[in-house]
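One structure below.
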Amino acid sequence: MPIMEPYRIKVVEPIPITTPEQRRRAMERAGYNQFNLSADEVTIDLLTDSGTNAVSAAQLAAGIDGDETYAGSRSWHRFRQAVGDLMNYEHILPAHQGRAAERILFTALLKPGQMSVSNTHFDTTRANVALLGCEPRDLPCREAADLDSPAPFKGNIDLDALREVLSGPERERVGLVLMTVTNNGGGGQPVSMANLIATRELCRQFGVPLFLDAARFAENAWLVTQREEGYRDHTPRQVAQAMFALADGCVASLKKDGIAHIGAVLAFNDDRLADICQLHVIASEGFLTYGGMTGRDLDMLAQGLAEVTDPLYLRARASMTEYLAEVVDAAGVTIVRPPGIHALYLNAGRLLPHLRPDQFPGHGLACELYLQGGIRCAELGSLYLAEIDDDGTVRNSPPHELVRLAVPRRVYTQTHLEYVGEVLAKIAKHPERVPGYRLTKNPQVLRPFHCRLEPITS
Ligand SMILES: *Cc1c(COP(=O)(O)O)cnc(C)c1O
């Protein structure tokens with residue numbers, strides 16, 4: 001039994017209900033790439049939880065009071081106060097979204113040839129490190145490789161591997177350690193406080209700055225209160241504050257746990273770093289009191305950041321994803337265990353053993369969810385992560401073929417998730433009927449967003 005949402009619905013938006021024939025035509029037109037579908041063609045959109053959140057009445061009201069003054073707006077002061085209450089850093093810089101904040105931080109912190117070491121870099125984070133001529137190095141903990149392991153903190157960094165890097169000849173190349181909470185690239189799994197504390201100790205011992213990529217700080221904090229001994233009597237806000245206190249600073253996309261539609265923050269204590277980052281914010285984002293956001297956004301975020309650590313909200317949100325995990329499990333589809341909060345990761349490779357990685361089982365399952373039920377989601381397997389030559393040869397496939405069902409905040413009800421489970425169950429009854437896919441257009445850069453495919457009909 002899921003725990004009911006601690007809110008009721010005040011405004012509604014119809015969702016498109018489509019026929020199988022409409023969906024088939026939509027997919028043909030889209031080149032079987034779900035990024036080419038229009039909102040009007042999608043019934044349940046689980047592509048991402050980023051910027052797709054439902055705002056509260058209090059957030060809308062705060063937005064109306066947004067102050068669009070260029071410098072020193074009231075909205076900025078309210079935003080700064082709300083952010084400062086969570087993360088007690090000296091310098092708080094706004095940016096329009098997470099990747100902009102990342103780029104600015106890395107530009108200031110990394111020299112070409114250096115490395116950023118992480119539990120797992122998120123895609124844009126990895127790209128921003130690489131674009132500076134630096135190496136993004138992932139050191140996920142060992143349990144992370146076992147999708148079925150119920151270990152509670154599979155988002156952790158491998159502390160032995162981190163110690164080895166920091167105490168060895170590569171130390172000079174390490175520009176920062178970046179802990180992603182929750183670990184989005186690693187199955188949405190949380191990081192424990194114990195792991196963060198140990199990471200902080202290592203960073204201190206070897207003189208390396210520790211930053212958080214804190215897009216889902218509240219969801220990580222909630223899972224700490226639920227899964228980690230010693231934190232059960234803490235509020236999620238207390239845990240979040242303790243997490244931020246362990247790091248030298250953070251970048252955070254606020255399109256997730258800001259429960260709004262746009263925004264980010266870059267925050268830290270280092271004065272010298274602030275001089276450089278402030279220049280870059282002004283040159284590329286906007287003045288230091290808005291950073292590419294409107295006053296309306298700043299105010300909606302300030303209110304969202306107050307709401308997101310509410311234990312009742314977090315409990316209900318976590319229980320939605322747990323419920324979806326049960327429904328999916330009942331349908332006979334395995335997921336990355338244990339379920340996190342912002343998404344479920346389906347093990348498509350296991351469901352569709354008749355498809356080889358170069359026939360893209362994850363993409364096959366994602367397409368089927370759309371064709372059968374108008375459900376949009378994202379493949380995280382060979383199509384997204386492997387190297388694919390012009391002739392279609394797939395090299396360096398990732399170890400698992402996954403599909404991510406992301407759950408936007410406060411948008412869908414339990415009935416919607418039940419529907420997703422029903423569609424999945426229908427597919428799982430005859431998995432052998434799900435076709436593989438081949439690429440008809442294979443761009444070498446940003447492939448998932450531009451590629452086109454067709455089903456393999458034998
Ligand atoms: C979304 C996300 C980012 C990038 O943020 P945007 O606001 O989408 O640019 C960075 N890191 C993590 C962990 C994310 O989930």
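Chain labels A, B, ... are given in the sequence in which chains occur in the structure tokens; within each chain residues are numbered consecutively from 1, and ligands are likewise numbered from 1 in the order shown.
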12 Å contact set for Arg272 of chain A, only C-alpha atoms, chain neighbours under 6 positions out, as a ChimeraX atom specification
/A:90-91,108-109,278-279
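Residues in contact with segment 34-50 of chain A at up to 6 Å, not including ones fewer than 2 positions away on its chain and judged by only C-alpha atoms, are Ile15, Pro16, Ile17, Ala30, Thr52, Lys255, Lys256, Gly374, Ile375, Arg376, Cys377, Ala378, Leu405, Ala406, Val407 and Pro408 of chain A.
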Write down as an MDAnalysis selection string the residues belonging to segment 347-395 of chain A that are assigned alpha helix (DSSP H) by DSSP computed on the backbone.
chainID A and resid 348:351 361:373 382:385
Test item: residues no farther than 6 Å from ligand 1, counting only C-alpha atoms and all ligand atoms, as a tab-separated table (two decimals) with N, CA, C and O atoms, in the first residue's frame:
```
chain	number	residue	atom	x	y	z
A	97	GLN	N	20.89	26.62	-15.46
A	97	GLN	CA	20.67	25.20	-15.17
A	97	GLN	C	21.97	24.53	-14.78
A	97	GLN	O	23.05	25.12	-14.88
A	98	GLY	N	21.87	23.28	-14.33
A	98	GLY	CA	23.00	22.60	-13.70
A	98	GLY	C	24.26	22.58	-14.54
A	98	GLY	O	25.37	22.83	-14.05
A	99	ARG	N	24.12	22.29	-15.83
A	99	ARG	CA	25.31	22.13	-16.67
A	99	ARG	C	26.08	23.44	-16.80
A	99	ARG	O	27.29	23.42	-16.99
A	122	PHE	N	27.48	12.44	-13.91
A	122	PHE	CA	26.30	12.53	-14.77
A	122	PHE	C	26.76	12.91	-16.18
A	122	PHE	O	27.83	13.49	-16.35
A	124	THR	N	26.18	15.22	-18.53
A	124	THR	CA	26.62	16.57	-18.88
A	124	THR	C	27.88	16.93	-18.08
A	124	THR	O	28.75	17.65	-18.56
A	125	THR	N	27.96	16.39	-16.88
A	125	THR	CA	29.12	16.64	-16.03
A	125	THR	C	30.36	16.03	-16.67
A	125	THR	O	31.41	16.67	-16.77
A	180	THR	N	28.09	12.65	-6.59
A	180	THR	CA	26.76	12.88	-7.13
A	180	THR	C	25.72	12.26	-6.19
A	180	THR	O	25.76	11.05	-5.95
A	184	ASN	N	22.77	9.59	-10.08
A	184	ASN	CA	21.86	9.47	-11.24
A	184	ASN	C	22.41	8.49	-12.27
A	184	ASN	O	21.71	7.61	-12.75
A	213	ASP	N	27.56	17.08	-6.41
A	213	ASP	CA	26.62	17.35	-7.49
A	213	ASP	C	25.27	17.01	-6.89
A	213	ASP	O	24.88	15.83	-6.82
A	215	ALA	N	21.92	17.55	-7.27
A	215	ALA	CA	20.61	17.73	-7.92
A	215	ALA	C	19.48	17.10	-7.10
A	215	ALA	O	18.37	17.63	-7.06
A	253	SER	N	21.70	21.29	-9.96
A	253	SER	CA	20.59	21.60	-10.85
A	253	SER	C	19.35	21.69	-9.98
A	253	SER	O	19.05	20.76	-9.24
A	255	LYS	N	16.37	21.96	-11.19
A	255	LYS	CA	15.24	21.46	-11.97
A	255	LYS	C	14.71	20.15	-11.39
A	255	LYS	O	13.69	19.65	-11.82
```
Top pick for closest residue to Glu13 of chain A, considering A:Phe153, A:Tyr370, A:Phe106, A:Tyr412 and counting only C-alpha atoms
A:Tyr412
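For the pair atom CA of Val420 of chain A and atom CA of Gln372 of chain A, the interatomic distance is 10.2 Å.
Residue nearest Gly291 of chain A, chosen from A:Leu417, A:Ala151, A:Ala71, A:Ala54 and counting only C-alpha atoms: A:Ala71.
The coordinates place atom CA of Leu86 of chain A at 19.8 Å from atom CA of Gln226 of chain A.
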Tell me which of A:Gln238, A:Gln359, A:Gln303, A:Thr440 sits closest to Ile456 of chain A, counting only C-alpha atoms.
A:Gln359
Give the strand (DSSP E) residues of segment 142-221 of chain A, as assigned by DSSP on the backbone, as a ChimeraX atom specification.
/A:174-180,210-213
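Comparing A:Leu371, A:Ala245, A:Leu162, A:Ala82 by their smallest distance to Pro435 of chain A, the closest is A:Leu371 (using only C-alpha atoms).
With only C-alpha atoms as the atoms that count, the minimum distance from Tyr70 of chain A to the choices A:Leu288, A:Ala316, A:Ile388, A:Ile104 is reached by A:Leu288.
Using only C-alpha atoms, the shortest contact distance between Asp65 of chain A and any of A:Ala302, A:Ala264, A:Ile341, A:Cys134 is found at A:Ala302.
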Could you build a table of the residues in segment 190-261 of chain A lying no more than 12 Å from segment 163-167 of chain A, giving for each the nearest pair of atoms and their separation in Å rounded to one decimal place, using only C-alpha atoms, ordered by chain and ascending residue number, as a tab-separated table?
```
residue	atom	partner	partner_atom	distance
A:Ala198	CA	A:Arg163	CA	10.1
A:Thr199	CA	A:Arg163	CA	8.9
A:Arg200	CA	A:Arg163	CA	11.4
A:Glu201	CA	A:Arg163	CA	10.3
A:Leu202	CA	A:Arg163	CA	6.8
A:Cys203	CA	A:Leu166	CA	8.0
A:Arg204	CA	A:Leu166	CA	10.6
A:Gln205	CA	A:Leu166	CA	9.1
A:Phe206	CA	A:Leu166	CA	6.4
A:Gly207	CA	A:Leu166	CA	9.2
A:Val208	CA	A:Leu166	CA	8.5
A:Pro209	CA	A:Leu166	CA	11.8
```
Print the selection's residues with all heavy atoms to a file, as an mmCIF file, in the first residue's frame.
```cif
data_model
loop_
_atom_site.group_PDB
_atom_site.id
_atom_site.type_symbol
_atom_site.label_atom_id
_atom_site.label_comp_id
_atom_site.auth_asym_id
_atom_site.auth_seq_id
_atom_site.Cartn_x
_atom_site.Cartn_y
_atom_site.Cartn_z
ATOM 1 N N ALA A 198 33.827 9.572 5.065
ATOM 2 C CA ALA A 198 35.122 8.959 4.747
ATOM 3 C C ALA A 198 35.764 9.643 3.533
ATOM 4 O O ALA A 198 36.981 9.846 3.485
ATOM 5 C CB ALA A 198 34.934 7.463 4.484
ATOM 6 N N THR A 199 34.940 10.021 2.561
ATOM 7 C CA THR A 199 35.458 10.719 1.380
ATOM 8 C C THR A 199 36.030 12.074 1.789
ATOM 9 O O THR A 199 37.100 12.493 1.333
ATOM 10 C CB THR A 199 34.327 10.915 0.344
ATOM 11 O OG1 THR A 199 33.782 9.642 0.026
ATOM 12 C CG2 THR A 199 34.835 11.584 -0.905
ATOM 13 N N ARG A 200 35.304 12.753 2.659
ATOM 14 C CA ARG A 200 35.777 14.046 3.146
ATOM 15 C C ARG A 200 37.146 13.898 3.844
ATOM 16 O O ARG A 200 38.072 14.684 3.636
ATOM 17 C CB ARG A 200 34.736 14.638 4.117
ATOM 18 C CG ARG A 200 34.887 16.109 4.410
ATOM 19 C CD ARG A 200 35.798 16.429 5.582
ATOM 20 N NE ARG A 200 35.468 15.678 6.769
ATOM 21 C CZ ARG A 200 34.783 16.145 7.794
ATOM 22 N NH1 ARG A 200 34.328 17.367 7.769
ATOM 23 N NH2 ARG A 200 34.567 15.390 8.850
ATOM 24 N N GLU A 201 37.278 12.845 4.656
ATOM 25 C CA GLU A 201 38.548 12.618 5.356
ATOM 26 C C GLU A 201 39.687 12.421 4.363
ATOM 27 O O GLU A 201 40.775 12.992 4.516
ATOM 28 C CB GLU A 201 38.438 11.396 6.282
ATOM 29 C CG GLU A 201 37.637 11.657 7.545
ATOM 30 C CD GLU A 201 38.048 12.952 8.235
ATOM 31 O OE1 GLU A 201 39.270 13.180 8.411
ATOM 32 O OE2 GLU A 201 37.148 13.749 8.577
ATOM 33 N N LEU A 202 39.434 11.610 3.330
ATOM 34 C CA LEU A 202 40.472 11.360 2.327
ATOM 35 C C LEU A 202 40.822 12.643 1.588
ATOM 36 O O LEU A 202 41.995 12.947 1.346
ATOM 37 C CB LEU A 202 40.009 10.288 1.324
ATOM 38 C CG LEU A 202 40.036 8.841 1.818
ATOM 39 C CD1 LEU A 202 39.395 7.909 0.804
ATOM 40 C CD2 LEU A 202 41.481 8.406 2.099
ATOM 41 N N CYS A 203 39.809 13.410 1.227
ATOM 42 C CA CYS A 203 40.048 14.667 0.496
ATOM 43 C C CYS A 203 40.868 15.625 1.354
ATOM 44 O O CYS A 203 41.773 16.307 0.869
ATOM 45 C CB CYS A 203 38.728 15.314 0.094
ATOM 46 S SG CYS A 203 37.933 14.454 -1.261
ATOM 47 N N ARG A 204 40.552 15.659 2.626
ATOM 48 C CA ARG A 204 41.273 16.549 3.531
ATOM 49 C C ARG A 204 42.729 16.095 3.681
ATOM 50 O O ARG A 204 43.656 16.890 3.596
ATOM 51 C CB ARG A 204 40.567 16.557 4.893
ATOM 52 C CG ARG A 204 40.930 17.758 5.719
ATOM 53 C CD ARG A 204 39.999 17.891 6.894
ATOM 54 N NE ARG A 204 38.823 18.688 6.566
ATOM 55 C CZ ARG A 204 37.860 18.954 7.433
ATOM 56 N NH1 ARG A 204 37.899 18.472 8.644
ATOM 57 N NH2 ARG A 204 36.837 19.698 7.072
ATOM 58 N N GLN A 205 42.879 14.777 3.864
ATOM 59 C CA GLN A 205 44.217 14.217 4.050
ATOM 60 C C GLN A 205 45.117 14.519 2.858
ATOM 61 O O GLN A 205 46.307 14.823 3.018
ATOM 62 C CB GLN A 205 44.087 12.698 4.246
ATOM 63 C CG GLN A 205 45.385 11.997 4.583
ATOM 64 C CD GLN A 205 45.162 10.480 4.687
ATOM 65 O OE1 GLN A 205 44.032 10.011 4.831
ATOM 66 N NE2 GLN A 205 46.239 9.728 4.615
ATOM 67 N N PHE A 206 44.548 14.462 1.653
ATOM 68 C CA PHE A 206 45.374 14.634 0.467
ATOM 69 C C PHE A 206 45.196 16.011 -0.185
ATOM 70 O O PHE A 206 45.689 16.259 -1.286
ATOM 71 C CB PHE A 206 45.101 13.513 -0.540
ATOM 72 C CG PHE A 206 45.523 12.165 -0.020
ATOM 73 C CD1 PHE A 206 44.604 11.279 0.511
ATOM 74 C CD2 PHE A 206 46.875 11.807 -0.006
ATOM 75 C CE1 PHE A 206 45.001 10.053 1.025
ATOM 76 C CE2 PHE A 206 47.287 10.582 0.505
ATOM 77 C CZ PHE A 206 46.345 9.699 1.028
ATOM 78 N N GLY A 207 44.478 16.889 0.495
ATOM 79 C CA GLY A 207 44.380 18.275 0.039
ATOM 80 C C GLY A 207 43.640 18.466 -1.276
ATOM 81 O O GLY A 207 44.057 19.265 -2.120
ATOM 82 N N VAL A 208 42.538 17.736 -1.441
ATOM 83 C CA VAL A 208 41.751 17.859 -2.679
ATOM 84 C C VAL A 208 40.368 18.413 -2.331
ATOM 85 O O VAL A 208 39.752 17.956 -1.370
ATOM 86 C CB VAL A 208 41.587 16.467 -3.336
ATOM 87 C CG1 VAL A 208 40.692 16.538 -4.551
ATOM 88 C CG2 VAL A 208 42.950 15.905 -3.715
ATOM 89 N N PRO A 209 39.864 19.397 -3.097
ATOM 90 C CA PRO A 209 38.519 19.898 -2.786
ATOM 91 C C PRO A 209 37.436 18.853 -3.058
ATOM 92 O O PRO A 209 37.524 18.094 -4.021
ATOM 93 C CB PRO A 209 38.347 21.108 -3.718
ATOM 94 C CG PRO A 209 39.449 21.053 -4.702
ATOM 95 C CD PRO A 209 40.521 20.141 -4.171
#
```
Distance query segment 280-283 of chain A at most 12 Å, only C-alpha atoms, self and fewer than 4 positions along chain excluded, as a ChimeraX atom specification
/A:71,92-97,100-108,264-266,273-276,287-293
Surrounding residues of Leu178 of chain A excluding itself and chain neighbours under 6 positions, 9 Å, only C-alpha atoms, as a PDB file with all heavy atoms, in the first residue's frame:
```pdb
ATOM      1  N   SER A 116      38.679  14.838 -12.798  1.00  0.00           N
ATOM      2  CA  SER A 116      37.628  14.946 -11.803  1.00  0.00           C
ATOM      3  C   SER A 116      37.282  13.510 -11.412  1.00  0.00           C
ATOM      4  O   SER A 116      37.048  12.674 -12.281  1.00  0.00           O
ATOM      5  CB  SER A 116      36.412  15.653 -12.395  1.00  0.00           C
ATOM      6  OG  SER A 116      35.291  15.475 -11.546  1.00  0.00           O
ATOM      7  N   VAL A 117      37.309  13.215 -10.120  1.00  0.00           N
ATOM      8  CA  VAL A 117      37.050  11.847  -9.644  1.00  0.00           C
ATOM      9  C   VAL A 117      35.687  11.840  -8.959  1.00  0.00           C
ATOM     10  O   VAL A 117      35.388  12.721  -8.155  1.00  0.00           O
ATOM     11  CB  VAL A 117      38.147  11.400  -8.660  1.00  0.00           C
ATOM     12  CG1 VAL A 117      37.852  10.003  -8.139  1.00  0.00           C
ATOM     13  CG2 VAL A 117      39.509  11.434  -9.334  1.00  0.00           C
ATOM     14  N   SER A 118      34.865  10.829  -9.298  1.00  0.00           N
ATOM     15  CA  SER A 118      33.473  10.847  -8.838  1.00  0.00           C
ATOM     16  C   SER A 118      32.974   9.449  -8.523  1.00  0.00           C
ATOM     17  O   SER A 118      33.532   8.459  -9.011  1.00  0.00           O
ATOM     18  CB  SER A 118      32.612  11.470  -9.946  1.00  0.00           C
ATOM     19  OG  SER A 118      31.242  11.453  -9.593  1.00  0.00           O
ATOM     20  N   ASN A 119      31.892   9.367  -7.733  1.00  0.00           N
ATOM     21  CA  ASN A 119      31.187   8.083  -7.604  1.00  0.00           C
ATOM     22  C   ASN A 119      30.649   7.703  -8.988  1.00  0.00           C
ATOM     23  O   ASN A 119      30.795   6.583  -9.426  1.00  0.00           O
ATOM     24  CB  ASN A 119      30.095   8.121  -6.535  1.00  0.00           C
ATOM     25  CG  ASN A 119      29.148   9.302  -6.651  1.00  0.00           C
ATOM     26  OD1 ASN A 119      29.398  10.254  -7.380  1.00  0.00           O
ATOM     27  ND2 ASN A 119      28.055   9.241  -5.921  1.00  0.00           N
ATOM     28  N   THR A 120      30.044   8.623  -9.686  1.00  0.00           N
ATOM     29  CA  THR A 120      29.734   8.503 -11.116  1.00  0.00           C
ATOM     30  C   THR A 120      29.390   9.905 -11.624  1.00  0.00           C
ATOM     31  O   THR A 120      28.550  10.580 -11.013  1.00  0.00           O
ATOM     32  CB  THR A 120      28.518   7.591 -11.393  1.00  0.00           C
ATOM     33  OG1 THR A 120      28.714   6.323 -10.731  1.00  0.00           O
ATOM     34  CG2 THR A 120      28.356   7.316 -12.886  1.00  0.00           C
ATOM     35  N   HIS A 121      30.017  10.327 -12.705  1.00  0.00           N
ATOM     36  CA  HIS A 121      29.662  11.613 -13.307  1.00  0.00           C
ATOM     37  C   HIS A 121      28.349  11.470 -14.062  1.00  0.00           C
ATOM     38  O   HIS A 121      28.152  10.507 -14.791  1.00  0.00           O
ATOM     39  CB  HIS A 121      30.728  12.072 -14.305  1.00  0.00           C
ATOM     40  CG  HIS A 121      32.039  12.443 -13.673  1.00  0.00           C
ATOM     41  ND1 HIS A 121      33.016  11.521 -13.397  1.00  0.00           N
ATOM     42  CD2 HIS A 121      32.526  13.651 -13.281  1.00  0.00           C
ATOM     43  CE1 HIS A 121      34.052  12.141 -12.849  1.00  0.00           C
ATOM     44  NE2 HIS A 121      33.787  13.432 -12.766  1.00  0.00           N
ATOM     45  N   PRO A 209      39.864  19.397  -3.097  1.00  0.00           N
ATOM     46  CA  PRO A 209      38.519  19.898  -2.786  1.00  0.00           C
ATOM     47  C   PRO A 209      37.436  18.853  -3.058  1.00  0.00           C
ATOM     48  O   PRO A 209      37.524  18.094  -4.021  1.00  0.00           O
ATOM     49  CB  PRO A 209      38.347  21.108  -3.718  1.00  0.00           C
ATOM     50  CG  PRO A 209      39.449  21.053  -4.702  1.00  0.00           C
ATOM     51  CD  PRO A 209      40.521  20.141  -4.171  1.00  0.00           C
ATOM     52  N   LEU A 210      36.434  18.825  -2.181  1.00  0.00           N
ATOM     53  CA  LEU A 210      35.297  17.908  -2.329  1.00  0.00           C
ATOM     54  C   LEU A 210      34.047  18.719  -2.656  1.00  0.00           C
ATOM     55  O   LEU A 210      33.666  19.622  -1.899  1.00  0.00           O
ATOM     56  CB  LEU A 210      35.085  17.123  -1.035  1.00  0.00           C
ATOM     57  CG  LEU A 210      33.794  16.293  -0.941  1.00  0.00           C
ATOM     58  CD1 LEU A 210      33.749  15.209  -2.005  1.00  0.00           C
ATOM     59  CD2 LEU A 210      33.646  15.676   0.443  1.00  0.00           C
ATOM     60  N   PHE A 211      33.429  18.396  -3.783  1.00  0.00           N
ATOM     61  CA  PHE A 211      32.179  19.052  -4.173  1.00  0.00           C
ATOM     62  C   PHE A 211      31.064  18.017  -4.289  1.00  0.00           C
ATOM     63  O   PHE A 211      31.311  16.849  -4.546  1.00  0.00           O
ATOM     64  CB  PHE A 211      32.347  19.779  -5.521  1.00  0.00           C
ATOM     65  CG  PHE A 211      32.930  21.156  -5.361  1.00  0.00           C
ATOM     66  CD1 PHE A 211      34.280  21.334  -5.070  1.00  0.00           C
ATOM     67  CD2 PHE A 211      32.123  22.283  -5.479  1.00  0.00           C
ATOM     68  CE1 PHE A 211      34.815  22.605  -4.894  1.00  0.00           C
ATOM     69  CE2 PHE A 211      32.651  23.556  -5.311  1.00  0.00           C
ATOM     70  CZ  PHE A 211      33.985  23.727  -5.022  1.00  0.00           C
ATOM     71  N   LEU A 212      29.835  18.486  -4.079  1.00  0.00           N
ATOM     72  CA  LEU A 212      28.664  17.637  -4.317  1.00  0.00           C
ATOM     73  C   LEU A 212      28.009  18.056  -5.629  1.00  0.00           C
ATOM     74  O   LEU A 212      27.930  19.250  -5.920  1.00  0.00           O
ATOM     75  CB  LEU A 212      27.620  17.800  -3.198  1.00  0.00           C
ATOM     76  CG  LEU A 212      28.024  17.486  -1.765  1.00  0.00           C
ATOM     77  CD1 LEU A 212      26.822  17.687  -0.838  1.00  0.00           C
ATOM     78  CD2 LEU A 212      28.557  16.073  -1.647  1.00  0.00           C
ATOM     79  N   ASP A 213      27.564  17.083  -6.411  1.00  0.00           N
ATOM     80  CA  ASP A 213      26.622  17.349  -7.493  1.00  0.00           C
ATOM     81  C   ASP A 213      25.268  17.006  -6.888  1.00  0.00           C
ATOM     82  O   ASP A 213      24.884  15.833  -6.816  1.00  0.00           O
ATOM     83  CB  ASP A 213      26.954  16.477  -8.714  1.00  0.00           C
ATOM     84  CG  ASP A 213      25.998  16.757  -9.868  1.00  0.00           C
ATOM     85  OD1 ASP A 213      25.000  17.472  -9.658  1.00  0.00           O
ATOM     86  OD2 ASP A 213      26.242  16.246 -10.981  1.00  0.00           O
ATOM     87  N   CYS A 250      29.227  22.964  -3.772  1.00  0.00           N
ATOM     88  CA  CYS A 250      28.371  22.099  -4.591  1.00  0.00           C
ATOM     89  C   CYS A 250      27.966  22.775  -5.880  1.00  0.00           C
ATOM     90  O   CYS A 250      28.019  24.001  -5.993  1.00  0.00           O
ATOM     91  CB  CYS A 250      27.113  21.695  -3.810  1.00  0.00           C
ATOM     92  SG  CYS A 250      25.884  23.001  -3.698  1.00  0.00           S
TER      93      CYS A 250
END
```
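Going from atom CA of Ile3 of chain A over to atom CA of Asp233 of chain A, you cover 19.8 Å.
Residues in contact with Leu439 of chain A at up to 8 Å, not including ones fewer than 2 positions away on its chain and judged by only C-alpha atoms, are Gly392, Tyr437, Lys441, Asn442, Cys451, Arg452, Leu453 and Glu454 of chain A.
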Same residues, C-alpha atoms, output as a PDB file, in the first residue's frame:
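selection-v2.pdb, written as the output of this step:
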```
ATOM      1  CA  GLY A 392      26.601  -0.275 -37.323  1.00  0.00           C
ATOM      2  CA  TYR A 437      16.258  -2.183 -33.853  1.00  0.00           C
ATOM      3  CA  LYS A 441      21.030   7.444 -39.042  1.00  0.00           C
ATOM      4  CA  ASN A 442      23.967   7.308 -36.637  1.00  0.00           C
ATOM      5  CA  CYS A 451      19.684   9.135 -34.306  1.00  0.00           C
ATOM      6  CA  ARG A 452      16.965   7.375 -36.309  1.00  0.00           C
ATOM      7  CA  LEU A 453      16.160   3.675 -36.229  1.00  0.00           C
ATOM      8  CA  GLU A 454      13.881   1.013 -37.661  1.00  0.00           C
TER       9      GLU A 454
END
```
Give me the residues within 8 Å of Ile259 of chain A as a PyMOL selection string, counting only C-alpha atoms and dropping any in the same chain fewer than 5 places off.
chain A and resi 51+53-55+254+301+304-305+308+409
